[in-house]
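Below: run_29.csv (CSV, C-alpha atoms and all ligand atoms)
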```csv
chain,number,residue,atom,x,y,z
A,1,MET,CA,15.4,-45.1,14.8
A,2,ARG,CA,16.8,-44.2,11.4
A,3,ASN,CA,13.9,-41.9,11.0
A,4,ALA,CA,14.6,-40.2,14.3
A,5,ILE,CA,18.2,-39.6,13.4
A,6,TRP,CA,17.3,-38.3,10.0
A,7,LEU,CA,14.7,-36.0,11.6
A,8,ARG,CA,17.3,-34.7,14.1
A,9,TRP,CA,19.9,-34.2,11.4
A,10,SER,CA,17.5,-32.4,9.1
A,11,CYS,CA,16.3,-30.2,12.0
A,12,ALA,CA,19.9,-29.3,12.7
A,13,VAL,CA,20.5,-28.5,9.0
A,14,LEU,CA,17.3,-26.4,8.9
A,15,GLY,CA,18.5,-24.6,12.0
A,16,ILE,CA,21.8,-23.8,10.4
A,17,ILE,CA,20.1,-22.6,7.2
A,18,SER,CA,17.7,-20.4,9.1
A,19,PHE,CA,20.6,-19.0,11.1
A,20,VAL,CA,22.6,-18.2,8.0
A,21,VAL,CA,19.5,-16.7,6.4
A,22,ALA,CA,18.8,-14.4,9.3
A,23,ALA,CA,22.4,-13.5,9.6
A,24,ILE,CA,22.4,-12.1,6.0
A,25,PRO,CA,22.6,-8.4,6.8
A,26,CYS,CA,19.8,-7.1,4.6
A,27,CYS,CA,17.7,-7.2,1.5
A,28,ALA,CA,18.3,-10.8,0.6
A,29,GLN,CA,15.3,-12.9,-0.4
A,30,VAL,CA,14.8,-15.5,2.3
A,31,ALA,CA,12.8,-18.7,2.7
A,32,ALA,CA,9.1,-18.1,3.3
A,33,ASP,CA,8.9,-20.3,6.3
A,34,ASP,CA,11.5,-18.5,8.4
A,35,SER,CA,10.9,-17.7,12.1
A,36,LEU,CA,12.5,-15.1,14.4
A,37,VAL,CA,12.3,-14.8,18.2
A,38,PHE,CA,12.9,-11.5,20.1
A,39,LEU,CA,13.8,-12.2,23.7
A,40,HIS,CA,13.8,-9.7,26.7
A,41,ALA,CA,12.0,-7.1,24.6
A,42,ASN,CA,10.6,-4.1,26.4
A,43,THR,CA,7.6,-3.9,24.1
A,44,ILE,CA,5.6,-0.8,23.3
A,45,ASP,CA,2.8,-2.3,21.2
A,46,GLY,CA,1.4,1.0,19.9
A,47,ILE,CA,-2.0,0.7,21.4
A,48,SER,CA,-1.6,-0.1,25.2
A,49,ASP,CA,-1.0,2.7,27.6
A,50,ALA,CA,1.9,0.8,29.3
A,51,PRO,CA,4.8,-1.2,27.9
A,52,THR,CA,5.1,-5.0,28.4
A,53,MET,CA,8.6,-5.5,29.9
A,54,ASP,CA,10.8,-8.4,29.1
A,55,ALA,CA,8.5,-9.9,26.5
A,56,THR,CA,9.2,-12.8,24.1
A,57,VAL,CA,7.9,-12.1,20.6
A,58,VAL,CA,7.7,-14.9,18.1
A,59,VAL,CA,7.6,-14.2,14.4
A,60,VAL,CA,6.7,-16.9,11.8
A,61,ASN,CA,6.3,-16.3,8.1
A,62,GLY,CA,6.5,-12.6,8.5
A,63,ARG,CA,3.7,-12.4,11.0
A,64,ILE,CA,3.6,-12.1,14.8
A,65,GLN,CA,2.7,-15.6,16.1
A,66,SER,CA,2.8,-14.9,19.9
A,67,ILE,CA,3.7,-12.3,22.5
A,68,GLY,CA,4.5,-13.8,25.8
A,69,HIS,CA,7.2,-14.3,28.4
A,70,GLY,CA,10.0,-16.8,29.0
A,71,PRO,CA,12.4,-18.7,26.7
A,72,ALA,CA,12.1,-19.1,22.9
A,73,PRO,CA,9.8,-21.9,21.9
A,74,LEU,CA,11.6,-25.0,20.9
A,75,GLY,CA,12.5,-25.2,17.2
A,76,GLN,CA,12.0,-21.5,16.6
A,77,GLY,CA,14.6,-19.0,16.0
A,78,PRO,CA,17.1,-17.5,15.4
A,79,VAL,CA,16.9,-15.5,18.6
A,80,ILE,CA,17.6,-11.8,19.0
A,81,ASP,CA,18.3,-10.8,22.5
A,82,LEU,CA,17.0,-7.3,23.1
A,83,THR,CA,18.0,-7.0,26.8
A,84,GLY,CA,17.8,-3.3,27.7
A,85,HIS,CA,16.3,-2.3,24.4
A,86,TRP,CA,12.8,-1.4,23.3
A,87,LEU,CA,10.7,-3.0,20.6
A,88,LEU,CA,8.1,-0.8,18.9
A,89,PRO,CA,5.8,-1.1,15.9
A,90,GLY,CA,7.5,-0.1,12.6
A,91,PHE,CA,6.8,3.6,12.1
A,92,VAL,CA,4.0,4.7,9.8
A,93,ASP,CA,4.8,8.0,8.1
A,94,ALA,CA,1.5,9.4,7.1
A,95,HIS,CA,2.7,12.0,4.6
A,96,VAL,CA,5.6,11.4,2.2
A,97,HIS,CA,6.6,12.1,-1.4
A,98,VAL,CA,8.8,9.1,-2.0
A,99,GLY,CA,9.2,8.6,-5.7
A,100,ASN,CA,11.9,6.0,-6.2
A,101,LEU,CA,13.4,2.8,-4.6
A,102,ALA,CA,16.5,4.5,-3.2
A,103,ASP,CA,14.5,7.0,-1.3
A,104,ALA,CA,12.0,4.3,-0.2
A,105,ARG,CA,15.0,2.3,1.3
A,106,ARG,CA,16.1,5.3,3.1
A,107,ALA,CA,12.6,5.7,4.6
A,108,LEU,CA,12.6,2.1,5.6
A,109,HIS,CA,16.0,2.2,7.2
A,110,SER,CA,14.9,5.2,9.2
A,111,GLY,CA,12.2,3.0,10.7
A,112,ALA,CA,9.2,3.7,8.5
A,113,THR,CA,7.9,0.3,7.5
A,114,THR,CA,4.8,1.9,6.1
A,115,ILE,CA,4.6,5.2,4.1
A,116,GLY,CA,1.5,7.2,3.1
A,117,GLU,CA,2.2,8.8,-0.2
A,118,ALA,CA,0.8,12.3,-0.8
A,119,GLY,CA,1.7,12.9,-4.4
A,120,VAL,CA,4.4,11.4,-6.7
A,121,ASN,CA,4.9,11.1,-10.4
A,122,HIS,CA,4.3,8.1,-12.7
A,123,PHE,CA,2.7,5.9,-10.0
A,124,ALA,CA,6.0,4.9,-8.5
A,125,ASP,CA,4.0,4.5,-5.2
A,126,VAL,CA,1.7,1.9,-6.7
A,127,GLY,CA,4.7,-0.1,-8.0
A,128,MET,CA,6.5,0.0,-4.7
A,129,ARG,CA,3.4,-1.1,-2.9
A,130,GLU,CA,3.1,-4.1,-5.2
A,131,MET,CA,6.8,-4.9,-4.7
A,132,ASN,CA,6.3,-4.9,-0.9
A,133,HIS,CA,3.1,-7.1,-1.2
A,134,LYS,CA,5.0,-9.6,-3.4
A,135,GLY,CA,7.6,-10.0,-0.8
A,136,ALA,CA,10.5,-7.6,-1.6
A,137,PRO,CA,11.9,-7.2,1.9
A,138,ASP,CA,13.7,-3.9,1.3
A,139,VAL,CA,10.7,-1.8,0.3
A,140,PRO,CA,8.3,-0.4,2.9
A,141,ASP,CA,4.6,-0.9,2.6
A,142,VAL,CA,3.0,2.0,0.6
A,143,VAL,CA,-0.4,3.6,0.7
A,144,ALA,CA,-0.5,5.1,-2.8
A,145,ALA,CA,-2.1,8.4,-3.9
A,146,GLY,CA,-0.6,8.8,-7.4
A,147,TYR,CA,-0.7,12.5,-8.5
A,148,HIS,CA,-2.3,15.1,-6.3
A,149,ILE,CA,-5.4,16.6,-7.6
A,150,ARG,CA,-4.5,20.3,-8.2
A,151,THR,CA,-5.7,23.1,-10.5
A,152,HIS,CA,-2.4,22.8,-12.5
A,153,PRO,CA,-1.2,19.2,-12.5
A,154,ALA,CA,2.5,18.4,-12.9
A,155,ASP,CA,3.7,18.2,-16.5
A,156,ASP,CA,4.4,14.5,-15.9
A,157,TYR,CA,0.7,13.9,-15.4
A,158,PHE,CA,0.1,14.5,-19.1
A,159,THR,CA,2.7,11.9,-20.2
A,160,ASP,CA,0.7,9.4,-18.2
A,161,PHE,CA,-2.7,10.7,-19.4
A,162,PRO,CA,-2.2,12.4,-22.8
A,163,GLN,CA,-6.0,12.1,-23.3
A,164,ASP,CA,-6.3,14.9,-20.7
A,165,ILE,CA,-4.2,17.6,-22.4
A,166,ASP,CA,-7.3,19.9,-22.3
A,167,LEU,CA,-6.6,20.0,-18.5
A,168,MET,CA,-3.2,21.7,-19.2
A,169,ARG,CA,-5.3,25.0,-19.2
A,170,GLY,CA,-6.3,24.2,-15.7
A,171,VAL,CA,-8.5,21.7,-13.8
A,172,HIS,CA,-11.7,23.6,-13.2
A,173,GLY,CA,-15.3,22.4,-12.6
A,174,ALA,CA,-16.8,19.3,-11.2
A,175,GLU,CA,-16.4,17.3,-14.4
A,176,ALA,CA,-12.7,18.0,-14.7
A,177,VAL,CA,-11.9,17.1,-11.1
A,178,ARG,CA,-14.0,13.9,-11.3
A,179,ARG,CA,-12.1,12.9,-14.4
A,180,MET,CA,-8.8,13.4,-12.6
A,181,VAL,CA,-9.9,11.3,-9.6
A,182,ARG,CA,-11.1,8.5,-12.0
A,183,GLU,CA,-7.7,8.5,-13.7
A,184,MET,CA,-6.1,7.9,-10.2
A,185,VAL,CA,-8.6,5.1,-9.4
A,186,SER,CA,-7.8,3.5,-12.8
A,187,ARG,CA,-4.2,3.1,-11.7
A,188,GLY,CA,-4.9,1.5,-8.4
A,189,VAL,CA,-4.2,4.2,-5.9
A,190,ASN,CA,-5.3,3.8,-2.2
A,191,ARG,CA,-6.3,7.3,-1.5
A,192,ILE,CA,-6.8,10.7,-3.2
A,193,LYS,CA,-4.8,13.8,-2.3
A,194,VAL,CA,-6.1,17.2,-3.1
A,195,MET,CA,-4.5,20.6,-2.8
A,196,ALA,CA,-7.1,22.7,-1.0
A,197,THR,CA,-4.7,25.7,-0.7
A,198,GLU,CA,-1.6,26.8,-2.4
A,199,ARG,CA,1.8,25.4,-1.4
A,200,ALA,CA,4.0,26.7,1.4
A,201,GLY,CA,7.2,25.3,-0.1
A,202,THR,CA,7.5,27.4,-3.2
A,203,PRO,CA,8.3,31.2,-2.9
A,204,ASP,CA,5.7,32.4,-5.5
A,205,THR,CA,2.7,30.7,-3.9
A,206,ASP,CA,0.7,31.8,-0.8
A,207,PRO,CA,-0.2,28.9,1.5
A,208,ARG,CA,-3.2,30.9,2.9
A,209,ILE,CA,-4.9,31.1,-0.5
A,210,ARG,CA,-7.7,28.6,-1.2
A,211,VAL,CA,-7.9,26.7,-4.4
A,212,PHE,CA,-11.0,24.7,-5.7
A,213,ASN,CA,-14.5,25.9,-4.9
A,214,ASP,CA,-17.1,24.0,-2.8
A,215,GLU,CA,-18.6,22.3,-5.8
A,216,GLU,CA,-15.2,21.0,-7.0
A,217,LEU,CA,-14.1,19.8,-3.5
A,218,THR,CA,-17.5,18.0,-3.0
A,219,ALA,CA,-17.1,16.3,-6.5
A,220,ILE,CA,-13.6,15.1,-5.6
A,221,VAL,CA,-14.7,13.6,-2.3
A,222,ASP,CA,-17.8,12.1,-3.9
A,223,GLU,CA,-15.9,10.5,-6.9
A,224,ALA,CA,-13.3,9.0,-4.5
A,225,ASN,CA,-15.9,7.8,-2.0
A,226,LYS,CA,-17.8,6.0,-4.8
A,227,THR,CA,-14.9,3.5,-5.1
A,228,GLY,CA,-14.3,3.4,-1.3
A,229,LEU,CA,-11.3,5.8,-1.3
A,230,TRP,CA,-10.7,8.6,1.2
A,231,VAL,CA,-9.5,12.1,0.3
A,232,VAL,CA,-6.8,13.9,2.3
A,233,ALA,CA,-6.4,17.6,1.8
A,234,HIS,CA,-3.3,19.7,1.8
A,235,ALA,CA,-4.4,22.9,3.5
A,236,HIS,CA,-2.6,25.6,5.4
A,237,GLY,CA,-5.1,28.5,5.1
A,238,ASP,CA,-8.3,28.3,7.1
A,239,GLU,CA,-10.8,29.0,4.3
A,240,GLY,CA,-9.5,26.2,2.1
A,241,ALA,CA,-9.2,23.8,5.0
A,242,ALA,CA,-12.7,24.5,6.3
A,243,ALA,CA,-14.2,24.0,2.8
A,244,ALA,CA,-12.3,20.7,2.5
A,245,VAL,CA,-13.6,19.5,5.9
A,246,ARG,CA,-17.2,20.5,4.9
A,247,ALA,CA,-16.7,18.6,1.7
A,248,GLY,CA,-15.9,15.4,3.7
A,249,VAL,CA,-12.2,14.9,3.5
A,250,HIS,CA,-10.6,12.3,5.8
A,251,CYS,CA,-7.5,14.2,7.0
A,252,ILE,CA,-6.1,17.7,6.9
A,253,GLU,CA,-2.4,17.8,6.0
A,254,HIS,CA,-0.5,20.7,7.6
A,255,GLY,CA,-3.4,22.9,8.9
A,256,THR,CA,-1.1,25.7,9.9
A,257,TYR,CA,-3.8,28.5,10.1
A,258,LEU,CA,-6.8,26.4,11.2
A,259,SER,CA,-9.3,28.5,13.2
A,260,ASP,CA,-11.0,27.3,16.3
A,261,ALA,CA,-14.3,26.9,14.3
A,262,THR,CA,-12.6,24.6,11.8
A,263,LEU,CA,-10.9,22.6,14.5
A,264,ARG,CA,-14.3,22.1,16.2
A,265,LEU,CA,-15.8,21.0,12.9
A,266,MET,CA,-12.9,18.5,12.5
A,267,LYS,CA,-13.5,17.1,15.9
A,268,GLU,CA,-17.2,16.8,15.3
A,269,LYS,CA,-16.7,15.0,12.0
A,270,GLY,CA,-13.8,12.8,13.2
A,271,VAL,CA,-11.3,14.4,10.7
A,272,TYR,CA,-7.7,13.6,11.3
A,273,LEU,CA,-4.9,16.2,11.5
A,274,ASP,CA,-1.4,15.6,10.2
A,275,PRO,CA,0.4,18.8,11.2
A,276,THR,CA,3.8,17.9,9.6
A,277,ILE,CA,5.6,20.3,12.0
A,278,THR,CA,9.1,19.1,11.0
A,279,ALA,CA,8.5,20.2,7.4
A,280,THR,CA,8.1,23.8,8.7
A,281,VAL,CA,11.1,23.4,10.9
A,282,ASP,CA,13.0,22.2,7.9
A,283,MET,CA,11.7,25.1,5.7
A,284,SER,CA,13.0,27.6,8.3
A,285,ASP,CA,16.4,26.0,8.5
A,286,PRO,CA,19.1,27.6,6.2
A,287,GLU,CA,20.7,24.1,6.0
A,288,GLY,CA,17.4,22.4,5.3
A,289,GLU,CA,15.7,21.0,2.2
A,290,TYR,CA,14.3,24.4,1.0
A,291,ASP,CA,17.3,26.4,-0.1
A,292,ASN,CA,15.6,29.8,-0.4
A,293,PRO,CA,15.7,32.8,1.9
A,294,ILE,CA,12.0,33.7,1.3
A,295,LEU,CA,11.0,30.2,2.4
A,296,GLN,CA,13.2,30.4,5.4
A,297,MET,CA,11.5,33.6,6.6
A,298,ARG,CA,8.1,32.1,5.8
A,299,GLY,CA,9.1,28.9,7.7
A,300,ARG,CA,10.1,30.9,10.8
A,301,ALA,CA,6.8,32.8,10.7
A,302,MET,CA,4.7,29.6,10.2
A,303,LEU,CA,6.4,27.5,12.8
A,304,PRO,CA,5.0,28.9,16.0
A,305,THR,CA,1.6,29.2,14.4
A,306,GLY,CA,1.6,25.6,13.4
A,307,ARG,CA,2.8,24.4,16.7
A,308,GLU,CA,0.1,26.4,18.6
A,309,MET,CA,-2.6,25.1,16.2
A,310,ALA,CA,-1.5,21.5,16.8
A,311,ALA,CA,-1.3,22.0,20.6
A,312,LYS,CA,-4.9,23.3,20.5
A,313,ALA,CA,-6.1,20.5,18.3
A,314,TRP,CA,-4.5,17.9,20.7
A,315,LYS,CA,-6.2,19.6,23.7
A,316,MET,CA,-9.6,19.4,21.8
A,317,GLY,CA,-9.2,15.7,21.3
A,318,ILE,CA,-8.6,15.8,17.5
A,319,LYS,CA,-6.9,12.6,16.2
A,320,ILE,CA,-3.4,13.7,15.3
A,321,VAL,CA,-1.1,11.6,13.1
A,322,ALA,CA,2.5,11.9,12.3
A,323,GLY,CA,3.9,12.7,8.8
A,324,THR,CA,7.2,14.2,7.7
A,325,ASP,CA,6.3,15.5,4.2
A,326,THR,CA,9.7,14.6,3.0
A,327,SER,CA,10.8,12.6,-0.1
A,328,TYR,CA,13.6,10.9,2.0
A,329,PHE,CA,16.0,12.0,-0.7
A,330,ASP,CA,19.7,11.6,-0.2
A,331,LYS,CA,20.2,14.9,1.6
A,332,ASN,CA,17.2,14.5,3.8
A,333,ASN,CA,18.2,14.9,7.4
A,334,ARG,CA,15.0,14.2,9.3
A,335,THR,CA,12.7,11.2,9.9
A,336,LEU,CA,9.4,10.4,11.5
A,337,THR,CA,11.2,10.3,14.9
A,338,ASP,CA,11.7,14.1,14.6
A,339,GLU,CA,7.9,14.5,14.1
A,340,MET,CA,7.2,12.4,17.1
A,341,ILE,CA,9.6,14.5,19.2
A,342,GLU,CA,7.7,17.6,17.9
A,343,LEU,CA,4.4,16.1,18.9
A,344,ALA,CA,5.7,15.5,22.4
A,345,GLY,CA,6.6,19.2,22.3
A,346,ILE,CA,3.0,20.3,21.7
A,347,GLY,CA,1.9,18.4,24.9
A,348,MET,CA,1.6,14.7,24.0
A,349,SER,CA,3.1,12.2,26.4
A,350,PRO,CA,5.9,10.1,24.8
A,351,MET,CA,3.4,7.2,24.6
A,352,ASP,CA,0.8,9.3,22.8
A,353,ALA,CA,3.5,10.6,20.4
A,354,ILE,CA,4.5,7.0,19.6
A,355,LYS,CA,0.9,6.0,19.0
A,356,ALA,CA,0.5,9.0,16.7
A,357,GLY,CA,3.5,7.7,14.6
A,358,THR,CA,2.4,4.1,14.6
A,359,SER,CA,-1.2,2.8,15.3
A,360,LEU,CA,-3.0,6.1,14.7
A,361,SER,CA,-1.2,6.9,11.5
A,362,ALA,CA,-2.0,3.3,10.4
A,363,GLU,CA,-5.6,3.9,11.2
A,364,GLU,CA,-5.6,7.1,9.2
A,365,LEU,CA,-4.1,5.3,6.2
A,366,GLY,CA,-6.5,2.4,6.5
A,367,VAL,CA,-3.9,-0.3,7.2
A,368,ASP,CA,-4.5,-0.7,11.0
A,369,LYS,CA,-5.9,-4.2,10.5
A,370,ARG,CA,-2.4,-5.5,9.5
A,371,THR,CA,0.3,-3.1,10.8
A,372,GLY,CA,1.0,-0.1,13.1
A,373,SER,CA,0.8,-2.1,16.3
A,374,ILE,CA,2.4,-5.2,17.8
A,375,ARG,CA,-0.5,-7.7,17.9
A,376,VAL,CA,-0.8,-11.5,17.3
A,377,GLY,CA,-1.5,-12.1,13.6
A,378,TYR,CA,-0.2,-8.7,12.5
A,379,GLU,CA,2.7,-8.1,10.1
A,380,ALA,CA,6.1,-8.3,11.9
A,381,ASP,CA,7.0,-4.7,11.3
A,382,PHE,CA,9.3,-3.5,14.1
A,383,VAL,CA,11.8,-0.9,15.1
A,384,VAL,CA,14.2,-1.5,18.0
A,385,ILE,CA,15.2,1.6,20.0
A,386,ASP,CA,18.4,1.6,22.1
A,387,ARG,CA,17.0,3.3,25.2
A,388,SER,CA,13.6,4.0,26.6
A,389,PRO,CA,11.6,6.5,24.5
A,390,LEU,CA,9.1,6.7,27.4
A,391,GLU,CA,11.8,8.1,29.7
A,392,ASN,CA,12.9,10.6,27.1
A,393,ILE,CA,11.1,10.8,23.7
A,394,ARG,CA,14.4,12.0,22.1
A,395,HIS,CA,15.7,8.4,22.5
A,396,ILE,CA,13.3,7.4,19.8
A,397,GLY,CA,15.7,8.8,17.2
A,398,ASP,CA,18.2,6.0,18.1
A,399,VAL,CA,16.8,3.3,15.8
A,400,ILE,CA,19.2,0.3,16.1
A,401,MET,CA,17.1,-2.3,14.2
A,402,VAL,CA,14.4,-2.4,11.6
A,403,VAL,CA,12.3,-5.4,10.8
A,404,ASN,CA,10.0,-5.4,7.7
A,405,ASN,CA,7.5,-8.3,7.4
A,406,GLY,CA,9.7,-10.4,9.6
A,407,ARG,CA,12.9,-9.7,7.8
A,408,VAL,CA,15.7,-7.8,9.5
A,409,VAL,CA,16.5,-5.0,7.1
A,410,LEU,CA,18.7,-2.9,9.4
A,411,ASN,CA,20.9,-4.1,12.2
A,412,ARG,CA,23.1,-1.8,14.2
A,413,MET,CA,23.2,-4.0,17.3
A,414,ASN,CA,26.5,-5.5,16.3
A,415,VAL,CA,25.4,-8.9,17.5
A,416,ALA,CA,24.4,-11.7,15.2
A,417,PRO,CA,21.2,-13.6,16.2
A,418,ARG,CA,21.9,-16.9,17.9
A,419,PRO,CA,20.4,-20.1,16.3
B,501,ZN,ZN,3.3,17.1,1.0
```
What does this structure look like when you write it as structure tokens?
Amino acid sequence: MRNAIWLRWSCAVLGIISFVVAAIPCCAQVAADDSLVFLHANTIDGISDAPTMDATVVVVNGRIQSIGHGPAPLGQGPVIDLTGHWLLPGFVDAHVHVGNLADARRALHSGATTIGEAGVNHFADVGMREMNHKGAPDVPDVVAAGYHIRTHPADDYFTDFPQDIDLMRGVHGAEAVRRMVREMVSRGVNRIKVMATERAGTPDTDPRIRVFNDEELTAIVDEANKTGLWVVAHAHGDEGAAAAVRAGVHCIEHGTYLSDATLRLMKEKGVYLDPTITATVDMSDPEGEYDNPILQMRGRAMLPTGREMAAKAWKMGIKIVAGTDTSYFDKNNRTLTDEMIELAGIGMSPMDAIKAGTSLSAEELGVDKRTGSIRVGYEADFVVIDRSPLENIRHIGDVIMVVNNGRVVLNRMNVAPRP
């Protein structure tokens, strides 16, 4: 009897504690054994072709324990009533340059619970990944790339690798590129990013021009593959992109000027395409991130070409993923939802655009066994959307809640969970 009372009393206390913990608005470290129940969730799981209406999704210890129907299981909660709202996997932004925690938090609060880095300084990406894996709730999961492999590395590269100062003259030849890849591997990156053409976002470079010859590209891929890493290639111009695809890269980033022949080769080899259309939209916008009239003109010229290329790739059945190519810096005004809206614009159904920004991006980044879809056993990485994104993909921009590894990190629903 005494035991029963004690048990009931301690359960009540635990209930209050877990309610208080979940009601903490964000970013606080919480007990590891917390649970959370989403009721009446119209659920888009990121893999199925149809949503599950009115689902009950139970989260325990940061992972999805069950997806079913009916009331919250006894003893679990707090409960978040999502009546009328939509539960989606956390977004997976396949191409970012997030270099510090403030920007990482902005990415997370926009709904990106996982980010695929494509070149940052000083291995900030590796550190943020470790923070996430050690339980920091307000940092997204990160697929790290370190520095991009380019013919002229950023100055910062040499402060990390002073032994490589001979490469300040330029990274040329198979030995030099292999060394640079090995430096990345030694710092624990998850993938290698190579610049196969010049950049679009600087006025004195020409994105059509190829960099690195066949031998160098092959050496980069070979050196990365040796340790089980994939290579993704920045490529706008067709010659550089085709060479990268032949060399065995895993994904083409941007791909603005891809020819039909290169697209066919990508399809044949199962190479992903990350068209980053919103980056070109942004470049062409006088109010955008690229404050330069030459780039605005270039952006206006590249935009229709990139959209046509992506539409063709989609029709051919190439696996298209979603990336923003932003740093999520404080003046950034676009998120992965804009890219998913762009992808719907090139002919994808809203459901396919959502898959591109969740499960398919997770697959491309190699994290699809733990996130990118709502499945039992997976990390509880969610976004809640106010109205149906299937009815109108533009609704996807209205993110009202973000959950990262089972912790509510953004809540615009104006209702506290009930215990
Ligand atoms: Zn980029």
Protein, DNA and RNA residues within 9 Å of (-17.9, 16.7, 3.8), all atoms listed in the file, as a ChimeraX atom specification: /A:217-218,221-222,243-250,269
Given the selection you just returned, output its residues as a file containing C-alpha atoms, formatted as a PDB file, in the frame of the given file.
```
ATOM      1  CA  LEU A 217     -14.100  19.800  -3.500  1.00  0.00           C
ATOM      2  CA  THR A 218     -17.500  18.000  -3.000  1.00  0.00           C
ATOM      3  CA  VAL A 221     -14.700  13.600  -2.300  1.00  0.00           C
ATOM      4  CA  ASP A 222     -17.800  12.100  -3.900  1.00  0.00           C
ATOM      5  CA  ALA A 243     -14.200  24.000   2.800  1.00  0.00           C
ATOM      6  CA  ALA A 244     -12.300  20.700   2.500  1.00  0.00           C
ATOM      7  CA  VAL A 245     -13.600  19.500   5.900  1.00  0.00           C
ATOM      8  CA  ARG A 246     -17.200  20.500   4.900  1.00  0.00           C
ATOM      9  CA  ALA A 247     -16.700  18.600   1.700  1.00  0.00           C
ATOM     10  CA  GLY A 248     -15.900  15.400   3.700  1.00  0.00           C
ATOM     11  CA  VAL A 249     -12.200  14.900   3.500  1.00  0.00           C
ATOM     12  CA  HIS A 250     -10.600  12.300   5.800  1.00  0.00           C
ATOM     13  CA  LYS A 269     -16.700  15.000  12.000  1.00  0.00           C
TER      14      LYS A 269
END
```
Protein and nucleic acid residues within 9 Å of ligand ZN 501 (chain B) (all atoms listed in the file) as an NGL selection string: :A and (95-97 or 117-119 or 199 or 234 or 253-254 or 276 or 279 or 323-327)
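Note that CA of Phe91 (chain A) and CA of Glu363 (chain A) are 12.4 Å apart.
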List every protein, DNA or RNA residue with an atom no more than 10 Å from (-4.2, 20.5, 11.6) in the file's coordinates, counting only C-alpha atoms, and format the result as a compact mmCIF listing (two decimals) with C-alpha atoms, in the frame of the given file.
```txt
# COMPACT_ATOMS: atom_id res chain seq x y z
CA HIS A 234 -3.30 19.70 1.80
CA ALA A 235 -4.40 22.90 3.50
CA HIS A 236 -2.60 25.60 5.40
CA ASP A 238 -8.30 28.30 7.10
CA ALA A 241 -9.20 23.80 5.00
CA CYS A 251 -7.50 14.20 7.00
CA ILE A 252 -6.10 17.70 6.90
CA GLU A 253 -2.40 17.80 6.00
CA HIS A 254 -0.50 20.70 7.60
CA GLY A 255 -3.40 22.90 8.90
CA THR A 256 -1.10 25.70 9.90
CA TYR A 257 -3.80 28.50 10.10
CA LEU A 258 -6.80 26.40 11.20
CA SER A 259 -9.30 28.50 13.20
CA THR A 262 -12.60 24.60 11.80
CA LEU A 263 -10.90 22.60 14.50
CA MET A 266 -12.90 18.50 12.50
CA VAL A 271 -11.30 14.40 10.70
CA TYR A 272 -7.70 13.60 11.30
CA LEU A 273 -4.90 16.20 11.50
CA ASP A 274 -1.40 15.60 10.20
CA PRO A 275 0.40 18.80 11.20
CA THR A 276 3.80 17.90 9.60
CA ILE A 277 5.60 20.30 12.00
CA GLY A 306 1.60 25.60 13.40
CA ARG A 307 2.80 24.40 16.70
CA MET A 309 -2.60 25.10 16.20
CA ALA A 310 -1.50 21.50 16.80
CA ALA A 311 -1.30 22.00 20.60
CA LYS A 312 -4.90 23.30 20.50
CA ALA A 313 -6.10 20.50 18.30
CA TRP A 314 -4.50 17.90 20.70
CA ILE A 318 -8.60 15.80 17.50
CA LYS A 319 -6.90 12.60 16.20
CA ILE A 320 -3.40 13.70 15.30
CA VAL A 321 -1.10 11.60 13.10
```
Just the residues within 10 Å of Asn121 (chain A), please, counting all atoms listed in the file, with nothing from its chain fewer than 3 positions along; format it as a PyMOL selection string. chain A and resi 97-100+124-125+145-148+154-157+160
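Ranking A:Lys315, A:Arg298, A:Arg394, A:Arg375 by their shortest atom-to-atom distance to Thr337 (chain A), with all atoms listed in the file included, puts A:Arg394 first.
Closest approach to Met351 (chain A) among A:Gly237, A:Phe38, A:Ile47, A:Val181: A:Ile47, based on all atoms listed in the file.
Closest approach to Leu343 (chain A) among A:Lys226, A:Lys355, A:Arg150, A:His122 is made by A:Lys355 (distances from all atoms listed in the file).
Checking A:Val171, A:Met128, A:Ile115, A:Ala353 one by one against Asp93 (chain A), counting all atoms listed in the file, you find the shortest gap at A:Ile115.
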With only C-alpha atoms as the counted atoms, please give the residues lying no more than 10 Å from Gly70 (chain A), apart from itself and same-chain residues fewer than 4 positions off, as a PyMOL selection string. chain A and resi 39-40+54-57
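Here CA of Ala41 (chain A) stands at a distance of 27.6 Å from CA of Gly366 (chain A).
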Find the residue from A:Val126, A:Ala50, A:Ile64, A:Val403 that sits nearest to Val376 (chain A); use only C-alpha atoms when measuring. A:Ile64
Could you name the residues that touch Gly377 (chain A) at 9 Å or less, counting all atoms listed in the file, but leaving out those on the same chain fewer than 4 positions away, as a list in words? Arg63, Ile64, Gln65, Ser66 and Arg370 of chain A
Measure the distance from CA of Met316 (chain A) to CA of Glu215 (chain A) in Å and round it to one decimal. 29.2 Å
Got a sec: who's within 12 Å of region 131-133 of chain A, counting all atoms listed in the file, leaving out chain neighbours fewer than 2 positions off, as a PyMOL selection string? chain A and resi 27+62+101+104-105+108+113-115+124-129+135-143+379+404-405+407
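Closest approach to Val79 (chain A) among A:Ser388, A:Gln296, A:Asn225, A:Ser35 is made by A:Ser35 (distances from all atoms listed in the file).
For Glu198 (chain A), the non-local neighbours within 12 Å, defined as residues at least 2 positions apart in the same chain or in other chains and counting all atoms listed in the file, are A:Arg150, A:Thr151, A:His152, A:Val194, A:Met195, A:Ala196, A:Ala200, A:Gly201, A:Thr202, A:Pro203, A:Asp204, A:Thr205, A:Asp206, A:Pro207, A:Arg208, A:Ile209, A:Arg210, A:Val211, A:Phe212, A:Ala233, A:His234, A:Ala235, A:His236, A:Gly237, A:Asp238, A:Glu239, A:Gly240, A:Ala241, A:His254.
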